[in-house]
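Shown next: work_1.cif, given as mmCIF, C-alpha atoms.
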data_my_file
#
loop_
_atom_site.label_atom_id
_atom_site.label_comp_id
_atom_site.auth_asym_id
_atom_site.auth_seq_id
_atom_site.Cartn_x
_atom_site.Cartn_y
_atom_site.Cartn_z
CA MET A 1 22.19 -11.00 0.17
CA GLU A 2 22.82 -7.99 -2.04
CA ASP A 3 22.94 -4.25 -1.46
CA VAL A 4 20.61 -2.92 -4.16
CA GLY A 5 21.45 0.71 -3.40
CA SER A 6 18.92 3.53 -3.28
CA LEU A 7 17.98 4.17 -6.93
CA SER A 8 14.43 2.87 -7.25
CA ILE A 9 12.54 3.20 -10.52
CA TYR A 10 10.36 5.66 -8.60
CA ASN A 11 13.36 7.95 -8.11
CA TRP A 12 14.60 7.30 -11.64
CA TYR A 13 11.33 8.14 -13.38
CA ARG A 14 10.71 11.26 -11.29
CA ALA A 15 14.15 12.55 -12.30
CA THR A 16 14.16 11.51 -15.97
CA ASN A 17 10.62 10.62 -17.19
CA ASP A 18 12.33 7.61 -18.76
CA PRO A 19 10.25 4.39 -18.50
CA GLU A 20 12.99 2.06 -19.76
CA PRO A 21 13.65 0.54 -16.31
CA HIS A 22 9.93 -0.27 -16.12
CA LEU A 23 10.40 -2.48 -19.17
CA ARG A 24 13.31 -4.24 -17.52
CA ALA A 25 11.13 -4.73 -14.45
CA VAL A 26 8.40 -6.25 -16.61
CA SER A 27 10.88 -8.76 -18.06
CA VAL A 28 11.73 -9.80 -14.48
CA LEU A 29 8.03 -9.96 -13.63
CA THR A 30 7.27 -12.45 -16.39
CA LYS A 31 9.96 -14.74 -14.97
CA ILE A 32 8.49 -14.43 -11.46
CA HIS A 33 5.05 -15.34 -12.78
CA GLN A 34 6.40 -18.45 -14.47
CA LEU A 35 7.65 -19.88 -11.16
CA GLY A 36 4.13 -20.83 -10.13
CA ASP A 37 4.71 -21.30 -6.39
CA VAL A 38 6.85 -19.98 -3.56
CA PRO A 39 9.77 -22.45 -3.27
CA GLY A 40 9.82 -24.30 0.05
CA ARG A 41 6.61 -22.71 1.31
CA VAL A 42 3.12 -24.14 1.49
CA GLU A 43 0.53 -21.39 1.64
CA VAL A 44 -3.09 -20.80 0.72
CA GLU A 45 -3.52 -19.06 -2.62
CA PHE A 46 -4.48 -15.43 -3.00
CA ASP A 47 -8.06 -15.90 -4.16
CA LEU A 48 -11.65 -14.68 -3.90
CA PRO A 49 -11.71 -14.30 -0.08
CA ASP A 50 -8.55 -12.15 -0.25
CA LEU A 51 -10.09 -9.91 -2.89
CA LEU A 52 -13.16 -9.42 -0.70
CA PHE A 53 -10.90 -8.71 2.28
CA GLU A 54 -9.21 -5.94 0.27
CA THR A 55 -12.46 -4.22 -0.69
CA ASN A 56 -13.69 -4.50 2.89
CA TYR A 57 -10.38 -2.91 3.92
CA PHE A 58 -11.13 -0.07 1.49
CA THR A 59 -14.59 0.46 2.92
CA ARG A 60 -13.47 0.24 6.55
CA HIS A 61 -10.27 2.29 6.48
CA PHE A 62 -10.88 4.71 3.63
CA LEU A 63 -14.60 5.39 3.30
CA ILE A 64 -15.65 4.95 6.94
CA GLY A 65 -12.45 5.56 8.93
CA TYR A 66 -10.94 8.28 6.73
CA CYS A 67 -13.80 9.92 4.82
CA ASN A 68 -16.41 9.60 7.61
CA PHE A 69 -19.02 7.78 5.54
CA PRO A 70 -21.68 6.02 7.64
CA GLU A 71 -21.41 2.28 8.34
CA SER A 72 -24.26 1.71 5.89
CA ILE A 73 -21.87 2.36 3.01
CA GLN A 74 -20.60 -1.18 3.52
CA ASP A 75 -23.99 -2.68 2.62
CA ALA A 76 -24.43 -0.25 -0.27
CA LEU A 77 -21.20 -1.45 -1.91
CA SER A 78 -21.19 -5.14 -0.94
CA SER A 79 -22.86 -6.49 -4.09
CA GLU A 80 -20.62 -4.45 -6.40
CA PHE A 81 -17.49 -5.52 -4.58
CA TYR A 82 -18.55 -9.16 -4.73
CA ARG A 83 -19.15 -8.81 -8.49
CA LEU A 84 -15.71 -7.21 -8.88
CA ALA A 85 -14.02 -10.02 -6.94
CA LYS A 86 -15.77 -12.70 -9.01
CA ILE A 87 -14.61 -11.07 -12.24
CA VAL A 88 -11.01 -10.67 -11.04
CA SER A 89 -10.95 -14.27 -9.78
CA LEU A 90 -11.30 -15.48 -13.39
CA SER A 91 -7.91 -14.06 -14.39
CA PRO A 92 -4.74 -16.14 -14.99
CA LYS A 93 -2.63 -17.20 -12.03
CA GLY A 94 1.05 -17.65 -11.25
CA LEU A 95 3.53 -16.66 -8.56
CA MET A 96 2.34 -13.22 -7.44
CA HIS A 97 4.62 -10.62 -5.83
CA ARG A 98 1.62 -8.65 -4.42
CA ASP A 99 3.30 -5.23 -4.20
CA PHE A 100 5.13 -4.82 -7.50
CA GLN A 101 5.36 -1.02 -7.56
CA SER A 102 8.02 1.57 -8.29
CA GLN A 103 9.40 1.91 -4.74
CA ASN A 104 10.06 -1.83 -4.52
CA ILE A 105 12.13 -2.10 -7.72
CA PHE A 106 15.74 -0.89 -7.75
CA ILE A 107 18.16 -0.19 -10.56
CA VAL A 108 21.59 -1.81 -10.37
CA PRO A 109 24.24 -1.89 -13.13
CA GLY A 110 22.73 -3.70 -16.10
CA ALA A 111 19.63 -4.96 -14.28
CA VAL A 112 16.85 -4.31 -11.79
CA ARG A 113 16.28 -5.93 -8.41
CA VAL A 114 12.93 -6.52 -6.68
CA VAL A 115 12.46 -6.26 -2.89
CA ASP A 116 9.58 -6.59 -0.40
CA PHE A 117 8.47 -10.00 -1.68
CA GLN A 118 7.64 -11.52 1.71
CA GLY A 119 3.94 -11.55 0.78
CA ALA A 120 4.48 -13.52 -2.43
CA ARG A 121 2.14 -16.42 -3.06
CA ARG A 122 0.25 -18.01 -5.90
CA GLY A 123 -2.32 -15.53 -7.17
CA PHE A 124 -3.48 -13.28 -10.00
CA ILE A 125 -0.57 -12.22 -12.19
CA GLY A 126 -2.49 -9.27 -13.62
CA TYR A 127 -2.52 -7.78 -10.11
CA ASP A 128 1.26 -7.34 -10.25
CA LEU A 129 1.08 -5.82 -13.72
CA ALA A 130 -1.59 -3.36 -12.54
CA SER A 131 0.52 -2.53 -9.47
CA LEU A 132 3.27 -1.31 -11.80
CA VAL A 133 1.18 0.35 -14.52
CA GLU A 134 -1.40 2.08 -12.27
CA ASP A 135 1.09 2.96 -9.51
CA PRO A 136 -0.21 6.19 -7.87
CA TYR A 137 3.31 7.03 -6.69
CA LEU A 138 4.22 7.92 -10.28
CA ASN A 139 0.78 8.25 -11.92
CA LEU A 140 2.17 7.21 -15.31
CA PRO A 141 0.43 8.51 -18.44
CA GLU A 142 -1.82 6.05 -20.24
CA SER A 143 0.50 5.92 -23.26
CA ILE A 144 3.37 4.56 -21.15
CA GLY A 145 1.03 2.12 -19.44
CA LYS A 146 0.09 0.66 -22.82
CA ILE A 147 3.77 0.22 -23.69
CA ILE A 148 4.43 -1.61 -20.41
CA ILE A 149 1.44 -3.91 -20.88
CA SER A 150 2.45 -4.65 -24.48
CA HIS A 151 5.99 -5.47 -23.36
CA TYR A 152 4.64 -7.79 -20.68
CA LEU A 153 2.52 -9.68 -23.22
CA THR A 154 5.47 -9.97 -25.60
CA LYS A 155 7.78 -11.37 -22.92
CA SER A 156 5.20 -13.57 -21.21
CA GLU A 157 4.89 -17.30 -21.87
CA LEU A 158 1.11 -17.18 -21.39
CA SER A 159 -0.96 -18.81 -24.12
CA LEU A 160 -2.84 -16.62 -26.58
CA ASP A 161 -6.10 -17.38 -24.77
CA GLU A 162 -4.55 -16.42 -21.42
CA LYS A 163 -3.18 -13.18 -22.85
CA LYS A 164 -6.60 -12.29 -24.24
CA LYS A 165 -8.25 -13.05 -20.91
CA LEU A 166 -5.68 -10.97 -19.07
CA LEU A 167 -6.31 -8.00 -21.38
CA ASP A 168 -10.09 -8.35 -21.09
CA LEU A 169 -9.98 -8.49 -17.30
CA TYR A 170 -7.16 -5.99 -16.76
CA PRO A 171 -9.42 -2.95 -16.06
CA PHE A 172 -11.19 -4.86 -13.28
CA ILE A 173 -7.90 -6.11 -11.83
CA ALA A 174 -6.60 -2.52 -11.91
CA ILE A 175 -9.66 -1.26 -10.03
CA GLN A 176 -9.15 -3.97 -7.40
CA ARG A 177 -5.49 -3.10 -6.91
CA LEU A 178 -6.16 0.64 -6.71
CA LEU A 179 -8.87 0.16 -4.10
CA GLN A 180 -6.32 -1.71 -1.98
CA ALA A 181 -3.69 0.99 -2.49
CA THR A 182 -6.12 3.80 -1.62
CA ALA A 183 -7.10 2.04 1.58
CA ALA A 184 -3.45 1.52 2.48
CA TYR A 185 -2.66 5.23 2.01
CA ALA A 186 -5.62 6.15 4.24
CA TYR A 187 -4.59 3.63 6.92
CA LEU A 188 -0.96 4.74 6.91
CA SER A 189 -2.02 8.39 7.19
CA ARG A 190 -4.84 8.17 9.72
CA VAL A 191 -3.77 5.25 11.90
CA GLU A 192 0.03 5.34 11.68
CA GLY A 193 0.41 9.11 11.29
CA LYS A 194 2.46 8.80 8.09
CA TRP A 195 0.79 11.73 6.36
CA GLN A 196 3.22 11.69 3.42
CA PHE A 197 1.08 8.90 1.95
CA GLU A 198 -2.02 11.08 1.88
CA ARG A 199 -0.92 12.91 -1.25
CA PHE A 200 -1.35 9.71 -3.27
CA ILE A 201 -5.03 9.25 -2.44
CA ILE A 202 -6.28 11.66 -5.09
CA PRO A 203 -4.20 10.16 -7.95
CA ALA A 204 -5.34 6.66 -6.94
CA SER A 205 -9.00 7.70 -6.75
CA GLU A 206 -8.81 9.51 -10.09
CA ARG A 207 -7.37 6.41 -11.75
CA ILE A 208 -10.19 4.29 -10.34
CA LEU A 209 -12.80 6.73 -11.66
CA LYS A 210 -11.18 6.74 -15.09
CA LEU A 211 -11.38 2.95 -15.20
CA LEU A 212 -14.98 2.98 -13.95
CA ALA A 213 -16.00 5.51 -16.62
CA LYS A 214 -15.33 2.96 -19.37
CA ARG A 215 -17.83 0.42 -17.97
CA ASN A 216 -21.18 0.62 -16.21
CA PHE A 217 -20.66 -2.20 -13.72
CA PHE A 218 -20.22 -0.27 -10.48
CA PRO A 219 -22.46 2.84 -10.33
CA THR A 220 -22.51 3.09 -6.51
CA LEU A 221 -18.72 3.01 -6.26
CA ASN A 222 -18.51 5.58 -9.05
CA ASN A 223 -20.88 7.95 -7.24
CA VAL A 224 -19.08 7.53 -3.92
CA LEU A 225 -15.68 8.29 -5.41
CA GLU A 226 -16.99 11.30 -7.30
CA GLU A 227 -18.24 12.71 -3.99
CA VAL A 228 -14.93 11.95 -2.28
CA LEU A 229 -12.92 13.67 -5.00
CA PHE A 230 -15.17 16.71 -5.03
CA ARG A 231 -14.57 17.24 -1.32
CA ALA A 232 -10.90 16.25 -1.54
CA LYS A 233 -9.92 18.66 -4.29
CA PHE A 234 -11.71 21.53 -2.59
CA GLU A 235 -9.76 21.05 0.63
CA MET A 236 -6.45 19.93 -0.92
CA GLN A 237 -6.01 23.30 -2.63
CA SER A 238 -5.18 24.85 0.73
CA ARG A 239 -3.43 21.83 2.20
CA TYR A 240 0.03 21.19 0.85
CA PRO A 241 2.87 21.45 1.69
CA THR A 242 1.23 21.07 5.13
CA GLN A 243 0.49 17.42 5.95
CA THR A 244 -1.16 17.61 9.32
CA ARG A 245 -4.84 16.81 8.81
CA ARG A 246 -7.12 14.73 6.63
CA PHE A 247 -8.39 16.08 3.35
CA VAL A 248 -12.06 15.26 4.02
#
Step by step, read the file and then write its structure as structure tokens.
Amino acid sequence: MEDVGSLSIYNWYRATNDPEPHLRAVSVLTKIHQLGDVPGRVEVEFDLPDLLFETNYFTRHFLIGYCNFPESIQDALSSEFYRLAKIVSLSPKGLMHRDFQSQNIFIVPGAVRVVDFQGARRGFIGYDLASLVEDPYLNLPESIGKIIISHYLTKSELSLDEKKKLLDLYPFIAIQRLLQATAAYAYLSRVEGKWQFERFIIPASERILKLLAKRNFFPTLNNVLEEVLFRAKFEMQSRYPTQTRRFV
């Protein structure tokens, strides 16, 4: 056991705009991914059914439960979400943390420490990388994201073919992760009453739309999110600092 203190890279970056601890975190991440399995634990891999569960979670808790879309939205998106899951499922695998974001990584003298790894299992390593780079808590600029990804590829022991595949599939992995994060923010706000998470829904949705704009694979999802953001931004202008009701 170790007391890792209270200085997360979330707190550090917000105070300094310095991404150096992110690079240290990436070096740790490459070592995690090389482990391959959770020691002493036999568990089903994170795979296609889990990806489909996440997008169903997005539809159920964000679009229907939070944004008041009709139940029919589930059928409208099902084929696109299945296509997304199939693409992501082709990406390289290793030991996956599953929530490798700025509030779970802490700075200690000369190093970083990672917490909240109880959900770790064998899965898609690009998911962890996307969790760090696309993290709506910090909403890092694209230029820093490219530096983090480049550092990961330099430190990683993946083969050249695996690195190429990871880069090719990264945008789809990032969309998948951001859908999960958006749903989680909606669930925490609406169901658990933790409205402080609501402020991250717009950054997450904007990042998804930016990724979707570069490819024509998911037109229905693109249209739905454009509608959500139109309504959200209109109402958010008069919302904060108050955090007492939904933005749509």
Practice item. Apply the PyMOL selection byres ((chain A and resi 63) around 10) to the displayed file and report the matching residues as a PyMOL selection string. Key: chain A and resi 56-62+64-71+73-74+182-183+186+224-225+228
Check your understanding: Mind pulling up the distance from CA of Asp116 (chain A) to CA of Met1 (chain A)?
Key ->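 Atom-to-atom, CA of Met1 (chain A) and CA of Asp116 (chain A) are spaced 13.4 Å apart.
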Exercise for review: Mind checking which residues fall within 7 Å of Glu198 (chain A), counting all atoms listed in the file, ignoring those fewer than 2 positions away in the same chain, and posting them as a ChimeraX atom specification?
Suggested key: /A:185-186,189,195-196,200-201
Go ahead and write the selection's residues with C-alpha atoms as a short mmCIF file (atom, residue, chain, number, x, y, z; two decimals), keeping the file's coordinate frame.
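The resulting file, part.cif, is shown below:
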data_model
loop_
_atom_site.label_atom_id
_atom_site.label_comp_id
_atom_site.auth_asym_id
_atom_site.auth_seq_id
_atom_site.Cartn_x
_atom_site.Cartn_y
_atom_site.Cartn_z
CA TYR A 185 -2.66 5.23 2.01
CA ALA A 186 -5.62 6.15 4.24
CA SER A 189 -2.02 8.39 7.19
CA TRP A 195 0.79 11.73 6.36
CA GLN A 196 3.22 11.69 3.42
CA PHE A 200 -1.35 9.71 -3.27
CA ILE A 201 -5.03 9.25 -2.44
#
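We find CA of Val112 (chain A) and CA of Pro203 (chain A) to be spaced 25.8 Å apart.
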Can you turn the PyMOL selection byres ((chain A and resi 226) around 12) into a concrete residue list for this file, as an mmCIF file with C-alpha atoms, in the frame of the given file?
data_model
loop_
_atom_site.group_PDB
_atom_site.id
_atom_site.type_symbol
_atom_site.label_atom_id
_atom_site.label_comp_id
_atom_site.auth_asym_id
_atom_site.auth_seq_id
_atom_site.Cartn_x
_atom_site.Cartn_y
_atom_site.Cartn_z
ATOM 1 C CA ILE A 202 -6.280 11.660 -5.090
ATOM 2 C CA SER A 205 -9.000 7.700 -6.750
ATOM 3 C CA GLU A 206 -8.810 9.510 -10.090
ATOM 4 C CA ARG A 207 -7.370 6.410 -11.750
ATOM 5 C CA ILE A 208 -10.190 4.290 -10.340
ATOM 6 C CA LEU A 209 -12.800 6.730 -11.660
ATOM 7 C CA LYS A 210 -11.180 6.740 -15.090
ATOM 8 C CA LEU A 212 -14.980 2.980 -13.950
ATOM 9 C CA ALA A 213 -16.000 5.510 -16.620
ATOM 10 C CA PRO A 219 -22.460 2.840 -10.330
ATOM 11 C CA THR A 220 -22.510 3.090 -6.510
ATOM 12 C CA LEU A 221 -18.720 3.010 -6.260
ATOM 13 C CA ASN A 222 -18.510 5.580 -9.050
ATOM 14 C CA ASN A 223 -20.880 7.950 -7.240
ATOM 15 C CA VAL A 224 -19.080 7.530 -3.920
ATOM 16 C CA LEU A 225 -15.680 8.290 -5.410
ATOM 17 C CA GLU A 227 -18.240 12.710 -3.990
ATOM 18 C CA VAL A 228 -14.930 11.950 -2.280
ATOM 19 C CA LEU A 229 -12.920 13.670 -5.000
ATOM 20 C CA PHE A 230 -15.170 16.710 -5.030
ATOM 21 C CA ARG A 231 -14.570 17.240 -1.320
ATOM 22 C CA ALA A 232 -10.900 16.250 -1.540
ATOM 23 C CA LYS A 233 -9.920 18.660 -4.290
#
